[in-house]
Every structure is written in structure tokens, then in C-alpha cells.
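Asks: Below you will find the structure I want to go over with you.
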Amino acid sequence: MIRLLRPLTRAVTYTRWLHLLVGGLVVLAAATVHGVEDATARDWLVITLLPIPLTAAAALVPAMRRAEGLQARLMLFPGAHAPQARAGAEGDAPGISVAPSASWRDRGRTAVWLVVRLQLGWGLGVASVQLIGYALTLLGTTSESPDDDGLFLPRPGPAAWNALLLPLPLISLSVLVVVAGGLAAAAARSLLGPSPTERLAALEERTEQLLERNRIARELHDSIGHALTVAVVQAGAARAAADADFTDRALEAIEETGRDALEDLERVLRVLREDAEPAHRRPTLAAADRLLESARTVGATVDADVSGPVEDLPGPVSREGYRMLQEALTNVLRHAGPVPVRVRVAVADGLLTLDVRNALPRQAAPTGRGGSGLRGIRERAVLLGGRASTGPDDGEWRVHAELPLR
């Protein structure tokens, strides 16, 4: 019994009732214009059908879909527009579009929804008036004569039975309100829900957000990881050398690397605050000398060969190439220490080629899998339509990437 009465305790039941009644006012306006004095069944049929063409025609206005979507969200699904729903909480989103009609299919679905709301609202409005009026008649609170009360239902019997009949119209009205509200909600989801184009756009937007989050994670990993690796290697070397001049140079290198890392961190934080720095201001391969010099300051011997018009590379290729080179050098310093490194950067035949080689550390057993940084190199290459490989090669550790320029 409690389960059956539960819908009557929810605010959504009454907001849906009100939403439908407002929609049915159009028919009431038509009835006022047509006149209902001594109206026959044929007159009522005309009154009911007359507003349909005008109502459907209103859907030709693209903004009508947006207006109906907003109303449906607020009235048919109260609570679904709360902050947690806007944030994407599962189960809260009502699945109602609030975008204007973008196609004739959207206009057609909106027209059907308007007609459904119109007829459901008119039918529910008539039933509400009749059932509430009948309940008042049973209570004896109406002063209208039986001939003038406007009720379509059978007249009450003897007054002694009225109290027993009173629950019937109230129960009937409650059932009608709950059922009509459920039908309206289902129709709204079907007719005002996102179109395939909107669903595809939402999916693309979500994909872009995930890609951006992954890019930010890689940026932090590459930039901060490189700076910390250089600082650790420099500090260890300075302690082992016990030389004042070397220690001064090491501290200077740590300071410069830390400053660069702070700049990168500030830029990433601006991205997270949705105040993103323009992409063209991110480091590119034109600044590769900074990376190479950073590796040299920790004692690594870097043999670098850069050929081709590196400064003319497309922005995305140059920026991702810089991060890939940074991660490759960081991987060398972290796992092999200050060992000789050969770096080849070549731009030719519509292709950017990166090749970084170093001797394998004796104490390490190469697995060929690499960590998350090396996996990030491969992911960057794939996103740009290229390919990358990392792992042992002829007694050396090799990072090799090829990125198309178009």
C-alpha cells in the first residue's frame, strides 16, 4: 500500500501535472474562441482538433525545441538540473536536449511532442475538473443545480452513500495524474532527447576532453619528470665529486632546470584553470638545444645531429617532437645515468625522424616494455599518425619515432 502511495509524496508528480495542464490551455483558448455554450460532441471534437495544426507549426521555429527542452527538464524531471547533474553525475541527467532544432527531423520530433503535450494536457485538464467537481458534489459543497453543474459523470445517489463514493474520484484522479506524468516523461525522452547528430557531437566533445586530460598528464610527466631527473643526477654527482667548482656548476644547472620546470608547471595550471596558454607558445623542436644542454650539464656526452628545416615544422608535430625528445633524454638519465647519448633529428621527405640511442646499464635486465613515459612517446606518435618504438637494439637502448608532416 505504501509503495502505491509513494508517487503522491513526490514533487515530480505535481510538477508534471502542472506542466501538462499548462500545455492544455491552448485547447481551452480554442474552446473560448469557438464557444462552448450548448456545445455538441461534434463541437468538442472540433475544439480538441483545431489547435493541432497551429501547435505543430510552432515547431518550425528552431528555438521552440530549446524552450520545450528547458521546460521539460525543470518540470518533468525536477532535480535533474541540479549542479551534480550538470557535472555529469550518473543517473541524474534526464536525457533531454536543450539545443535548438538543427534539422527537419528535429522539427518533426518537436511538433509531435507539442501535440502529445497538448492532447495529454487537455485530457488531463478535463478529467481533473470533472473528478474534482464530482468530489465536491459528493461533499455537497457546490451550489449548482444538477442540471447546471457541468459534470459528465453520473449524478450522485442518496446522500447517505456519498461519503462511501468520495474516495473513488480522488483515487481515479491520482492514478490519472501519475500515469499521464509518466507518459509525458517517456514521450519527452523519446521526442526531445538528443538527436544522433547531438549525440555524436557530445561524444566528440567528451573524447576531446579525455585527450586534453591525457595531454596535460603527459606534459606534467615529461616536463616535471625531466627536471627532477636532472636535479637528482646533478645533486648525486656533486656530492660524489666533492669539488667546489663542480658543485657550483651543478647547482646552477639545477636552478635553471627548476626554473624551466616551474614555467611548464604554471602553463599546465593555466590550462587546468581554463585559461590556457596559446599552443604556439609551448616549446618546440626549435628549442631542442635547451634539452641537449640540460643533459650535458649532468655529465652526459650528447652527440647531436639535427638536419633539415626543423624551425619550419608544423606546430603540432614540432611540439610533440620536443616532448618525445625530452622524455627520451629523461629516460636515459633516469635509468642509465650520464652516459654517451646519440641524438638524431631529421626532417626529410615529409617525415620527422627522431632517434635516441644510449648504452644499456649493466645492472638492468632490459625488458623492452619501458615505463609510462615511453608509452607516452608511442601514444603521441600514434595520435599524429606516425609510429614509435622503444627498446633494446644491438646492445643499446633505442627510442625511434617517425612523424608525418601532413
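In the C-alpha cells, each chain is lettered A, B, ... as it comes, each chain's residues begin at 1, and ligands are numbered from 1 in order of appearance.
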Give me the residues near A:Arg319 as a compact mmCIF listing (two decimals) with C-alpha atoms, in the first residue's frame, where near means some atom within 12 Å (using only C-alpha atoms) and where sequence neighbours in that chain fewer than 3 positions away do not count.

Replies:
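Saved file around_12.txt follows:
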```
# COMPACT_ATOMS: atom_id res chain seq x y z
CA ARG A 215 47.89 15.54 -22.87
CA GLU A 219 53.01 17.35 -20.17
CA ALA A 279 49.53 26.35 -28.32
CA HIS A 280 52.14 28.27 -30.32
CA ARG A 281 53.83 29.31 -27.06
CA ARG A 282 54.54 25.75 -25.98
CA PRO A 283 58.15 24.60 -26.55
CA THR A 284 59.01 23.15 -29.97
CA LEU A 285 61.96 21.35 -31.51
CA ALA A 286 63.41 24.74 -32.34
CA ALA A 287 64.31 24.84 -28.62
CA ALA A 288 65.87 21.36 -28.65
CA VAL A 310 63.30 21.94 -38.05
CA GLU A 311 62.11 25.52 -37.50
CA ASP A 312 59.53 25.12 -40.29
CA LEU A 313 57.85 22.02 -38.86
CA PRO A 314 54.05 22.14 -38.35
CA GLY A 315 53.19 23.26 -34.83
CA PRO A 316 51.66 20.01 -33.50
CA TYR A 322 60.00 18.23 -28.42
CA ARG A 323 58.17 16.30 -25.68
CA MET A 324 59.21 12.97 -27.17
CA LEU A 325 62.87 14.03 -27.24
CA GLN A 326 62.56 15.33 -23.68
CA LEU A 352 60.24 13.94 -38.94
CA ARG A 380 51.95 10.73 -29.09
CA ALA A 381 53.23 9.19 -32.30
CA LEU A 384 49.86 12.20 -35.07
CA LEU A 403 56.01 11.51 -37.54
```

Asks: Could you list, as a ChimeraX atom specification, every residue within 9 Å of A:Leu114, counting only C-alpha atoms and ignoring same-chain residues fewer than 3 positions away?

Replies: /A:23,52,55-56,58-59,68,109-111,117-119

Asks: Name the residues in contact with A:Leu21 at a cut-off of 10 Å, using only C-alpha atoms, excluding same-chain residues fewer than 5 positions from it; report them as a PyMOL selection string.

Replies: chain A and resi 15-16+26+117-126+128

Asks: Export all heavy atoms of the chosen residues as a short mmCIF file (atom, residue, chain, number, x, y, z; two decimals), in the first residue's frame?

Replies:
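The resulting out-v6.cif:
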```cif
data_model
loop_
_atom_site.label_atom_id
_atom_site.label_comp_id
_atom_site.auth_asym_id
_atom_site.auth_seq_id
_atom_site.Cartn_x
_atom_site.Cartn_y
_atom_site.Cartn_z
N THR A 15 4.60 18.56 -10.36
CA THR A 15 5.18 19.43 -11.39
C THR A 15 4.82 18.93 -12.78
O THR A 15 4.59 19.72 -13.70
CB THR A 15 6.71 19.51 -11.23
OG1 THR A 15 7.28 18.21 -11.32
CG2 THR A 15 7.09 20.15 -9.90
N ARG A 16 4.77 17.61 -12.96
CA ARG A 16 4.34 17.05 -14.25
C ARG A 16 2.87 17.37 -14.50
O ARG A 16 2.48 17.68 -15.64
CB ARG A 16 4.57 15.54 -14.26
CG ARG A 16 6.04 15.15 -14.32
CD ARG A 16 6.25 13.65 -14.22
NE ARG A 16 7.66 13.31 -14.36
CZ ARG A 16 8.14 12.07 -14.25
NH1 ARG A 16 7.31 11.05 -14.00
NH2 ARG A 16 9.43 11.85 -14.39
N VAL A 26 -3.99 25.73 -24.38
CA VAL A 26 -4.20 26.11 -25.78
C VAL A 26 -5.57 25.65 -26.25
O VAL A 26 -6.29 26.38 -26.95
CB VAL A 26 -3.10 25.52 -26.68
CG1 VAL A 26 -3.33 25.88 -28.14
CG2 VAL A 26 -1.73 26.02 -26.22
N ARG A 117 1.87 16.77 -25.83
CA ARG A 117 1.66 17.57 -24.61
C ARG A 117 0.31 18.26 -24.63
O ARG A 117 -0.39 18.33 -23.60
CB ARG A 117 2.78 18.59 -24.49
CG ARG A 117 2.68 19.45 -23.22
CD ARG A 117 3.72 20.54 -23.19
NE ARG A 117 3.50 21.40 -22.04
CZ ARG A 117 4.11 22.56 -21.84
NH1 ARG A 117 4.99 23.00 -22.73
NH2 ARG A 117 3.85 23.30 -20.78
N LEU A 118 -0.07 18.77 -25.80
CA LEU A 118 -1.36 19.44 -25.94
C LEU A 118 -2.51 18.51 -25.59
O LEU A 118 -3.38 18.84 -24.77
CB LEU A 118 -1.51 19.97 -27.36
CG LEU A 118 -2.85 20.59 -27.75
CD1 LEU A 118 -2.96 21.98 -27.16
CD2 LEU A 118 -3.01 20.63 -29.27
N GLN A 119 -2.53 17.34 -26.20
CA GLN A 119 -3.65 16.42 -26.00
C GLN A 119 -3.65 15.79 -24.62
O GLN A 119 -4.71 15.64 -24.00
CB GLN A 119 -3.62 15.34 -27.09
CG GLN A 119 -3.81 15.88 -28.50
CD GLN A 119 -5.11 16.65 -28.65
OE1 GLN A 119 -6.16 16.22 -28.20
NE2 GLN A 119 -5.03 17.82 -29.30
N LEU A 120 -2.45 15.43 -24.13
CA LEU A 120 -2.38 14.89 -22.76
C LEU A 120 -2.84 15.94 -21.76
O LEU A 120 -3.59 15.64 -20.81
CB LEU A 120 -0.96 14.44 -22.44
CG LEU A 120 -0.58 13.00 -22.73
CD1 LEU A 120 0.89 12.74 -22.37
CD2 LEU A 120 -1.47 12.02 -21.97
N GLY A 121 -2.39 17.17 -21.96
CA GLY A 121 -2.77 18.23 -21.03
C GLY A 121 -4.25 18.53 -21.07
O GLY A 121 -4.88 18.73 -20.02
N TRP A 122 -4.82 18.56 -22.27
CA TRP A 122 -6.26 18.82 -22.37
C TRP A 122 -7.07 17.70 -21.76
O TRP A 122 -8.01 17.94 -21.00
CB TRP A 122 -6.62 19.02 -23.84
CG TRP A 122 -8.11 19.13 -24.10
CD1 TRP A 122 -8.87 18.29 -24.87
CD2 TRP A 122 -9.00 20.13 -23.60
NE1 TRP A 122 -10.17 18.71 -24.89
CE2 TRP A 122 -10.29 19.86 -24.10
CE3 TRP A 122 -8.84 21.23 -22.77
CZ2 TRP A 122 -11.39 20.63 -23.80
CZ3 TRP A 122 -9.94 22.01 -22.47
CH2 TRP A 122 -11.21 21.70 -22.99
N GLY A 123 -6.70 16.47 -22.07
CA GLY A 123 -7.43 15.34 -21.49
C GLY A 123 -7.31 15.29 -19.98
O GLY A 123 -8.30 15.06 -19.27
N LEU A 124 -6.08 15.54 -19.47
CA LEU A 124 -5.90 15.53 -18.03
C LEU A 124 -6.62 16.71 -17.38
O LEU A 124 -7.16 16.58 -16.27
CB LEU A 124 -4.39 15.58 -17.69
CG LEU A 124 -4.03 15.45 -16.22
CD1 LEU A 124 -4.54 14.13 -15.64
CD2 LEU A 124 -2.53 15.58 -16.03
N GLY A 125 -6.66 17.85 -18.07
CA GLY A 125 -7.36 19.02 -17.52
C GLY A 125 -8.86 18.77 -17.39
O GLY A 125 -9.46 19.08 -16.36
N VAL A 126 -9.46 18.18 -18.44
CA VAL A 126 -10.90 17.88 -18.39
C VAL A 126 -11.18 16.87 -17.28
O VAL A 126 -12.13 17.02 -16.49
CB VAL A 126 -11.37 17.34 -19.75
CG1 VAL A 126 -12.80 16.81 -19.65
CG2 VAL A 126 -11.27 18.42 -20.81
N SER A 128 -9.41 16.29 -14.61
CA SER A 128 -9.19 16.91 -13.29
C SER A 128 -10.41 17.73 -12.87
O SER A 128 -10.88 17.63 -11.72
CB SER A 128 -7.95 17.80 -13.34
OG SER A 128 -6.79 17.05 -13.66
#
```

Asks: Just checking: using only C-alpha atoms, which residue out of A:Ala231, A:Leu136, A:Leu374, A:Leu20 ends up closest to A:Leu170?

Replies: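 Closest to A:Leu170 of all the choices is A:Leu136.
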
Asks: How many Å separate atom CA of A:Leu203 from atom CA of A:Arg387?

Replies: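 Straight-line distance from atom CA of A:Leu203 to atom CA of A:Arg387 works out to 26.0 Å.
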
Asks: Which residue out of A:Arg406, A:Leu5, A:Leu70, A:Val298 has the minimum interatomic distance to A:Ile171 when only C-alpha atoms are used?

Replies: A:Leu5

Asks: In Å, with one decimal, what is the gap from atom CA of A:Ser97 to atom CA of A:Thr197?

Replies: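 About the pair atom CA of A:Ser97 and atom CA of A:Thr197: they are 11.5 Å apart.
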
Asks: Find the residues around A:Tyr14 up to 12 Å (only C-alpha atoms counted), leave out those fewer than 3 positions away in its own chain, and share them as a PyMOL selection string.

Replies: chain A and resi 7-11+17-21+75-78+173-174+176-182

Asks: Could the residues in this selection be saved with C-alpha atoms as a short mmCIF file (atom, residue, chain, number, x, y, z; two decimals), in the first residue's frame?

Replies:
```cif
data_model
loop_
_atom_site.label_atom_id
_atom_site.label_comp_id
_atom_site.auth_asym_id
_atom_site.auth_seq_id
_atom_site.Cartn_x
_atom_site.Cartn_y
_atom_site.Cartn_z
CA PRO A 7 4.24 8.70 -6.12
CA LEU A 8 1.78 11.02 -4.38
CA THR A 9 4.51 12.10 -1.94
CA ARG A 10 6.91 13.16 -4.70
CA ALA A 11 7.10 16.70 -6.00
CA TRP A 17 0.64 17.62 -13.61
CA LEU A 18 1.13 21.39 -13.77
CA HIS A 19 3.29 21.10 -16.91
CA LEU A 20 0.58 19.17 -18.73
CA LEU A 21 -2.21 21.47 -17.57
CA MET A 75 9.00 20.36 -14.73
CA LEU A 76 9.11 16.73 -15.84
CA PHE A 77 12.46 15.94 -14.22
CA PRO A 78 12.86 18.32 -11.25
CA LEU A 173 -7.57 11.47 -10.29
CA SER A 174 -4.38 10.36 -8.52
CA LEU A 176 -4.57 9.61 -13.94
CA VAL A 177 -2.05 12.23 -12.77
CA VAL A 178 0.68 9.64 -12.13
CA VAL A 179 0.06 7.75 -15.38
CA ALA A 180 -0.17 10.90 -17.51
CA GLY A 181 3.01 12.27 -15.92
CA GLY A 182 4.86 9.04 -16.66
#
```

Asks: Residues at most 12 Å from A:Val232, counting only C-alpha atoms, excluding those fewer than 2 positions away in the same chain, as number ranges by chain?

Replies: A: 225-230, 234-239, 250-251, 253-254, 257-258, 298, 330, 333-334, 337-338

Asks: So what do you get for atom CA of A:Leu383 versus atom CA of A:Gly395, distance-wise?

Replies: 29.6 Å
